[in-house]
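**Student:** I'd like to ask you about the structure that follows.
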Amino acid sequence: MGSSDDVKIGVAIYDFEDSFIAEVRDAIAVCSEGDVPVTIVDAAGRQQTQNEQIEQFIKDGYSAIIVNSVDRTASGVIIEKCRQNDVPLVFFNREPVKDDMAKWDKVYYVGADAVDSGVMAGRIMASYWLSHPEADRNGDGRMQFVIIRGETGHQDTELRTEYFIETLLSAGIMLDKLHEDTTRWRREEGYDVMASFLNRSGDAIEAVFANNDDLALGAIEALQERGYFNGGDFIPVVGIDGTPTGRKALENGTLLGTVFNDAENQGRAAYRIAKELAEGRVPTEEVIGYSITDDRYVWIPYSPLPGKAAEE
Ligand code: GAL
Ligand code: CA
C-alpha cells in the first residue's frame, strides 16, 4: 500500500500510563493500519530506557523514529545519535529546546501552543467568576485559588500556569494564590495534592486550576469527599485536554471547563511526517495536510470546551 516492505517507523513513548498520550498513541496506531508499520515502546518514565530503545530502533534498521521524550532536555543527545545514523526524527508533545531542533534538518516537532491553552483555561475561569458573585465565598473581592501543576520543566506546566494567571489578572480579577504543587499529570496525584490543600486551607479555597484533566478529576474527587458537588457547594475547577473522562465531567457539571488538546491530529501529523521522512522525502504541507511553520514545526490548535456548569 504505497510503501516498500522494509520501511518501518519506531515510536518511543515517555509513559504508557499517561491518559492524553495514550490517545495520541492510538491515533498513530490507527494511521499505520495498512500503511507503513509502527512499533510502539514504553519508557515508563525513564530517559535511560528510552535512549536504549532508540538505539535499538537504529540497530534494527528503522527508517524514522517518533519520539515523545521523557526529559525534553535529553533531546539533543537523541538528535545527535540519529543524525549520525541518518534516521530522521519527529518529536511530539514534549518540545525540544530550539538549539536542539536546530542541530539537524531531519528533525520535526508536532505540538500545541501551551500559551493558548493557558489563555483559554483562564478565560473560562474569568467568565465564570465575573458572572457568579457568589463564587467569591468570603466576599473579599479577590479570588483565593490553588494550582495543581504538571511536571516541572514541561513547557505545558510552565506556560499554562503563567498564562492562566495572566489572563485572570488582565480580566481585572484580583488573586491570592493559596497553594501550588507539582505532579506527574496523574489523577491520583491530583487527588492527593488537592486533599492536602484542603487539609491546609479548607473552605478558603475558591477556585482550582489543574494543568490537565486527570489532575482536575483527581481534585474533584477530593472535593467531593469534602462535601462539594452532588448537592453541596459548587467550586470552579478548570483542566486541560478534553479527554473522554474529562468530557464526562463537563457533562455531569463537576468540571467547569477544559481546553481541547487534539490528540488525533497530533498523532496523525506526527505519523504522516515520519512516513515522508522514512520514505526519503521532505514532508510538504500538501502531502501531510498540515501547515509547517519555521520549517519544521507543526502546531495543532487548542479549543476551549466549557462544561454544563459554565453555561448556568
Ligand atoms: C500535555 C497533556 C498532559 C500530559 C502531558 C504529557 O500536553 O495536557 O495531560 O499528557 O502533555 O507530556
Ligand atoms: Ca475571595
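Every chain in the C-alpha cells takes a letter, A first, then B, and so on in the order presented; its residues are numbered from 1, and the ligands are numbered from 1 following the presented order.
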For region 87-97 of chain A, work out the shell of residues within 9 Å, counting only C-alpha atoms and skipping chain neighbours fewer than 2 positions away, then give it as an MDAnalysis selection string.
**Tutor:** chainID A and resid 21 58 61:76 78:79 81:85 99:102 105:112 154:156 266:267 270:271 273:274 277:278
**Student:** Which of region 131-168 of chain A end up as alpha helix (DSSP H) when DSSP is run on this backbone - answer as a PyMOL selection string?
**Tutor:** chain A and resi 131+155-168
**Student:** Please check which protein, DNA or RNA residues sit within 7 Å of ligand 1, counting only C-alpha atoms and all ligand atoms, and write them as a PyMOL selection string.
**Tutor:** chain A and resi 18-21+93-94+156+185+211-214+240-241+261
**Student:** Save the residues we just selected, N, CA, C and O atoms, as a PDB file, in the first residue's frame?
**Tutor:**
```pdb
ATOM      1  N   ASP A  18       0.076   7.591  30.804  1.00  0.00           N
ATOM      2  CA  ASP A  18      -0.440   8.954  30.634  1.00  0.00           C
ATOM      3  C   ASP A  18      -1.680   8.932  29.733  1.00  0.00           C
ATOM      4  O   ASP A  18      -1.610   8.491  28.589  1.00  0.00           O
ATOM      5  N   SER A  19      -2.817   9.414  30.247  1.00  0.00           N
ATOM      6  CA  SER A  19      -4.094   9.317  29.514  1.00  0.00           C
ATOM      7  C   SER A  19      -4.097  10.036  28.174  1.00  0.00           C
ATOM      8  O   SER A  19      -4.559   9.507  27.169  1.00  0.00           O
ATOM      9  N   PHE A  20      -3.622  11.279  28.163  1.00  0.00           N
ATOM     10  CA  PHE A  20      -3.645  12.029  26.907  1.00  0.00           C
ATOM     11  C   PHE A  20      -2.706  11.394  25.878  1.00  0.00           C
ATOM     12  O   PHE A  20      -3.064  11.217  24.710  1.00  0.00           O
ATOM     13  N   ILE A  21      -1.530  11.003  26.326  1.00  0.00           N
ATOM     14  CA  ILE A  21      -0.557  10.391  25.417  1.00  0.00           C
ATOM     15  C   ILE A  21      -1.094   9.066  24.866  1.00  0.00           C
ATOM     16  O   ILE A  21      -0.842   8.703  23.716  1.00  0.00           O
ATOM     17  N   ASN A  93       4.704  16.613  21.518  1.00  0.00           N
ATOM     18  CA  ASN A  93       4.176  16.869  22.861  1.00  0.00           C
ATOM     19  C   ASN A  93       5.189  17.387  23.886  1.00  0.00           C
ATOM     20  O   ASN A  93       4.857  18.222  24.722  1.00  0.00           O
ATOM     21  N   ARG A  94       6.407  16.904  23.864  1.00  0.00           N
ATOM     22  CA  ARG A  94       7.419  17.373  24.809  1.00  0.00           C
ATOM     23  C   ARG A  94       8.495  18.029  23.948  1.00  0.00           C
ATOM     24  O   ARG A  94       9.305  17.369  23.316  1.00  0.00           O
ATOM     25  N   ASP A 156       4.267  22.783  28.974  1.00  0.00           N
ATOM     26  CA  ASP A 156       2.842  22.934  29.255  1.00  0.00           C
ATOM     27  C   ASP A 156       2.591  23.352  30.700  1.00  0.00           C
ATOM     28  O   ASP A 156       1.694  24.142  30.975  1.00  0.00           O
ATOM     29  N   TRP A 185       1.157  14.533  36.229  1.00  0.00           N
ATOM     30  CA  TRP A 185      -0.016  14.507  35.332  1.00  0.00           C
ATOM     31  C   TRP A 185      -1.061  13.457  35.680  1.00  0.00           C
ATOM     32  O   TRP A 185      -1.990  13.245  34.925  1.00  0.00           O
ATOM     33  N   ASN A 211      -3.349  21.587  35.705  1.00  0.00           N
ATOM     34  CA  ASN A 211      -2.670  21.675  34.411  1.00  0.00           C
ATOM     35  C   ASN A 211      -3.150  20.636  33.392  1.00  0.00           C
ATOM     36  O   ASN A 211      -2.810  20.737  32.215  1.00  0.00           O
ATOM     37  N   ASN A 212      -3.886  19.614  33.813  1.00  0.00           N
ATOM     38  CA  ASN A 212      -4.555  18.733  32.832  1.00  0.00           C
ATOM     39  C   ASN A 212      -5.825  18.144  33.439  1.00  0.00           C
ATOM     40  O   ASN A 212      -6.111  18.327  34.635  1.00  0.00           O
ATOM     41  N   ASP A 213      -6.583  17.420  32.616  1.00  0.00           N
ATOM     42  CA  ASP A 213      -7.871  16.886  33.078  1.00  0.00           C
ATOM     43  C   ASP A 213      -7.715  15.824  34.156  1.00  0.00           C
ATOM     44  O   ASP A 213      -8.505  15.780  35.104  1.00  0.00           O
ATOM     45  N   ASP A 214      -6.738  14.944  34.012  1.00  0.00           N
ATOM     46  CA  ASP A 214      -6.596  13.897  35.028  1.00  0.00           C
ATOM     47  C   ASP A 214      -6.385  14.513  36.405  1.00  0.00           C
ATOM     48  O   ASP A 214      -6.972  14.062  37.397  1.00  0.00           O
ATOM     49  N   ILE A 240      -7.313  20.860  31.413  1.00  0.00           N
ATOM     50  CA  ILE A 240      -6.909  20.970  30.000  1.00  0.00           C
ATOM     51  C   ILE A 240      -6.781  19.546  29.449  1.00  0.00           C
ATOM     52  O   ILE A 240      -6.302  18.658  30.170  1.00  0.00           O
ATOM     53  N   ASP A 241      -7.193  19.330  28.245  1.00  0.00           N
ATOM     54  CA  ASP A 241      -7.075  18.099  27.441  1.00  0.00           C
ATOM     55  C   ASP A 241      -8.386  17.707  26.761  1.00  0.00           C
ATOM     56  O   ASP A 241      -8.376  17.340  25.592  1.00  0.00           O
ATOM     57  N   ASN A 261      -7.252  19.402  23.693  1.00  0.00           N
ATOM     58  CA  ASN A 261      -5.897  19.150  23.204  1.00  0.00           C
ATOM     59  C   ASN A 261      -6.077  18.018  22.186  1.00  0.00           C
ATOM     60  O   ASN A 261      -6.409  16.903  22.558  1.00  0.00           O
TER      61      ASN A 261
END
```
**Student:** Show me which residues line ligand 2, defined as having an atom within 9 Å of a ligand atom where only C-alpha atoms and all ligand atoms count, and present them as a list in words.
**Tutor:**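 Here is the list of contacting residues: Ala135, Asp136, Arg137, Asn138, Gly139, Asp140, Gly141, Arg142, Met143, Gln144, Phe145, Met174, Leu175, Asp176, Ala204, Ile205 and Glu206 of chain A.
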**Student:** Write out, as a PDB file, in the first residue's frame, the residues just selected, with N, CA and C atoms.
**Tutor:**
```
ATOM      1  N   ALA A 135     -19.281  33.113  43.849  1.00  0.00           N
ATOM      2  CA  ALA A 135     -18.036  32.340  43.803  1.00  0.00           C
ATOM      3  C   ALA A 135     -16.990  32.938  44.746  1.00  0.00           C
ATOM      4  N   ASP A 136     -17.111  34.217  45.015  1.00  0.00           N
ATOM      5  CA  ASP A 136     -16.235  34.870  45.997  1.00  0.00           C
ATOM      6  C   ASP A 136     -16.795  34.549  47.383  1.00  0.00           C
ATOM      7  N   ARG A 137     -16.486  33.365  47.831  1.00  0.00           N
ATOM      8  CA  ARG A 137     -17.143  32.813  49.019  1.00  0.00           C
ATOM      9  C   ARG A 137     -16.991  33.679  50.266  1.00  0.00           C
ATOM     10  N   ASN A 138     -15.811  34.275  50.455  1.00  0.00           N
ATOM     11  CA  ASN A 138     -15.619  35.094  51.659  1.00  0.00           C
ATOM     12  C   ASN A 138     -15.904  36.573  51.387  1.00  0.00           C
ATOM     13  N   GLY A 139     -16.335  36.890  50.155  1.00  0.00           N
ATOM     14  CA  GLY A 139     -16.764  38.245  49.835  1.00  0.00           C
ATOM     15  C   GLY A 139     -15.694  39.314  49.960  1.00  0.00           C
ATOM     16  N   ASP A 140     -14.427  38.944  49.791  1.00  0.00           N
ATOM     17  CA  ASP A 140     -13.372  39.955  49.940  1.00  0.00           C
ATOM     18  C   ASP A 140     -12.961  40.582  48.599  1.00  0.00           C
ATOM     19  N   GLY A 141     -13.703  40.245  47.539  1.00  0.00           N
ATOM     20  CA  GLY A 141     -13.404  40.849  46.242  1.00  0.00           C
ATOM     21  C   GLY A 141     -12.173  40.266  45.566  1.00  0.00           C
ATOM     22  N   ARG A 142     -11.661  39.159  46.088  1.00  0.00           N
ATOM     23  CA  ARG A 142     -10.475  38.532  45.498  1.00  0.00           C
ATOM     24  C   ARG A 142     -10.715  37.035  45.337  1.00  0.00           C
ATOM     25  N   MET A 143     -10.001  36.445  44.381  1.00  0.00           N
ATOM     26  CA  MET A 143     -10.126  35.003  44.169  1.00  0.00           C
ATOM     27  C   MET A 143      -8.991  34.274  44.890  1.00  0.00           C
ATOM     28  N   GLN A 144      -9.358  33.479  45.904  1.00  0.00           N
ATOM     29  CA  GLN A 144      -8.357  32.628  46.560  1.00  0.00           C
ATOM     30  C   GLN A 144      -8.315  31.310  45.780  1.00  0.00           C
ATOM     31  N   PHE A 145      -7.187  31.056  45.107  1.00  0.00           N
ATOM     32  CA  PHE A 145      -7.153  29.881  44.226  1.00  0.00           C
ATOM     33  C   PHE A 145      -5.932  29.018  44.482  1.00  0.00           C
ATOM     34  N   MET A 174      -8.651  40.150  41.022  1.00  0.00           N
ATOM     35  CA  MET A 174      -7.552  40.168  41.999  1.00  0.00           C
ATOM     36  C   MET A 174      -7.373  38.778  42.579  1.00  0.00           C
ATOM     37  N   LEU A 175      -6.121  38.371  42.694  1.00  0.00           N
ATOM     38  CA  LEU A 175      -5.825  36.970  43.012  1.00  0.00           C
ATOM     39  C   LEU A 175      -5.015  36.796  44.277  1.00  0.00           C
ATOM     40  N   ASP A 176      -5.340  35.729  45.009  1.00  0.00           N
ATOM     41  CA  ASP A 176      -4.461  35.260  46.085  1.00  0.00           C
ATOM     42  C   ASP A 176      -4.203  33.787  45.822  1.00  0.00           C
ATOM     43  N   ALA A 204     -11.453  27.889  52.481  1.00  0.00           N
ATOM     44  CA  ALA A 204     -10.942  29.176  51.984  1.00  0.00           C
ATOM     45  C   ALA A 204     -10.649  29.114  50.478  1.00  0.00           C
ATOM     46  N   ILE A 205     -10.546  27.904  49.938  1.00  0.00           N
ATOM     47  CA  ILE A 205     -10.236  27.760  48.512  1.00  0.00           C
ATOM     48  C   ILE A 205     -11.484  28.039  47.675  1.00  0.00           C
ATOM     49  N   GLU A 206     -11.337  28.970  46.712  1.00  0.00           N
ATOM     50  CA  GLU A 206     -12.496  29.359  45.896  1.00  0.00           C
ATOM     51  C   GLU A 206     -12.410  28.887  44.454  1.00  0.00           C
TER      52      GLU A 206
END
```
**Student:** Extract the full set of strand (DSSP E or B) residues from region 184-291 of chain A according to DSSP on the backbone, and format it as a PyMOL selection string.
**Tutor:** chain A and resi 207-210+237-238+241+257-260
**Student:** Those residues with N, CA, C and O atoms, as a PDB file, in the first residue's frame please?
**Tutor:**
```
ATOM      1  N   ALA A 207     -11.238  28.481  43.995  1.00  0.00           N
ATOM      2  CA  ALA A 207     -11.101  28.084  42.592  1.00  0.00           C
ATOM      3  C   ALA A 207      -9.864  27.204  42.438  1.00  0.00           C
ATOM      4  O   ALA A 207      -8.896  27.333  43.191  1.00  0.00           O
ATOM      5  N   VAL A 208      -9.935  26.298  41.446  1.00  0.00           N
ATOM      6  CA  VAL A 208      -8.835  25.351  41.219  1.00  0.00           C
ATOM      7  C   VAL A 208      -8.466  25.339  39.735  1.00  0.00           C
ATOM      8  O   VAL A 208      -9.336  25.173  38.875  1.00  0.00           O
ATOM      9  N   PHE A 209      -7.173  25.507  39.460  1.00  0.00           N
ATOM     10  CA  PHE A 209      -6.706  25.281  38.091  1.00  0.00           C
ATOM     11  C   PHE A 209      -5.757  24.096  38.124  1.00  0.00           C
ATOM     12  O   PHE A 209      -4.762  24.087  38.837  1.00  0.00           O
ATOM     13  N   ALA A 210      -6.078  23.064  37.334  1.00  0.00           N
ATOM     14  CA  ALA A 210      -5.215  21.899  37.224  1.00  0.00           C
ATOM     15  C   ALA A 210      -4.624  21.921  35.814  1.00  0.00           C
ATOM     16  O   ALA A 210      -5.325  22.206  34.848  1.00  0.00           O
ATOM     17  N   VAL A 237     -13.518  24.288  38.905  1.00  0.00           N
ATOM     18  CA  VAL A 237     -12.279  23.571  38.617  1.00  0.00           C
ATOM     19  C   VAL A 237     -12.115  23.569  37.097  1.00  0.00           C
ATOM     20  O   VAL A 237     -13.038  23.197  36.369  1.00  0.00           O
ATOM     21  N   VAL A 238     -10.947  24.008  36.629  1.00  0.00           N
ATOM     22  CA  VAL A 238     -10.681  24.011  35.188  1.00  0.00           C
ATOM     23  C   VAL A 238      -9.478  23.123  34.902  1.00  0.00           C
ATOM     24  O   VAL A 238      -8.488  23.133  35.645  1.00  0.00           O
ATOM     25  N   ASP A 241      -7.193  19.330  28.245  1.00  0.00           N
ATOM     26  CA  ASP A 241      -7.075  18.099  27.441  1.00  0.00           C
ATOM     27  C   ASP A 241      -8.386  17.707  26.761  1.00  0.00           C
ATOM     28  O   ASP A 241      -8.376  17.340  25.592  1.00  0.00           O
ATOM     29  N   GLY A 257     -14.753  23.613  33.140  1.00  0.00           N
ATOM     30  CA  GLY A 257     -14.385  23.688  31.727  1.00  0.00           C
ATOM     31  C   GLY A 257     -13.023  23.080  31.504  1.00  0.00           C
ATOM     32  O   GLY A 257     -12.268  22.823  32.449  1.00  0.00           O
ATOM     33  N   THR A 258     -12.713  22.835  30.219  1.00  0.00           N
ATOM     34  CA  THR A 258     -11.388  22.340  29.872  1.00  0.00           C
ATOM     35  C   THR A 258     -11.013  22.940  28.518  1.00  0.00           C
ATOM     36  O   THR A 258     -11.763  23.745  27.964  1.00  0.00           O
ATOM     37  N   VAL A 259      -9.841  22.567  28.039  1.00  0.00           N
ATOM     38  CA  VAL A 259      -9.379  23.064  26.748  1.00  0.00           C
ATOM     39  C   VAL A 259      -8.997  21.830  25.933  1.00  0.00           C
ATOM     40  O   VAL A 259      -8.232  20.989  26.406  1.00  0.00           O
ATOM     41  N   PHE A 260      -9.571  21.720  24.762  1.00  0.00           N
ATOM     42  CA  PHE A 260      -9.363  20.518  23.958  1.00  0.00           C
ATOM     43  C   PHE A 260      -7.957  20.479  23.363  1.00  0.00           C
ATOM     44  O   PHE A 260      -7.541  21.381  22.648  1.00  0.00           O
TER      45      PHE A 260
END
```
**Student:** Name the closest residue to Ile235 (chain A) among the candidates A:Glu276, A:Glu134, A:Glu52, A:Glu166; distances are taken between atoms, counting only C-alpha atoms.
**Tutor:** A:Glu134
**Student:** Measuring between only C-alpha atoms, which one of A:Thr183, A:Gln53, A:Ser303, A:Ser32 shows the shortest distance to Lys275 (chain A)?
**Tutor:** A:Ser32
**Student:** Env of Glu188 (chain A): 9 Å cut, atoms = only C-alpha atoms, seq-sep filter 5 positions within chain, self excluded. Answer as number ranges by chain.
**Tutor:** A: 193, 214-215, 217-219
**Student:** What does the distance between CA of Ala216 (chain A) and CA of Gly242 (chain A) come to in Å, to one decimal place?
**Tutor:** 11.0 Å
**Student:** Counting only C-alpha atoms, which residue out of A:Gly280, A:Pro133, A:Pro236, A:Gly202 sits closest to Ala310 (chain A)?
**Tutor:**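 Of all the options, A:Pro236 lies closest to Ala310 (chain A).
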**Student:** What gap, in Å, lies between CA of Tyr14 (chain A) and CA of Ala43 (chain A)?
**Tutor:**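 Computed distance, CA of Tyr14 (chain A) to CA of Ala43 (chain A), equals 5.0 Å.
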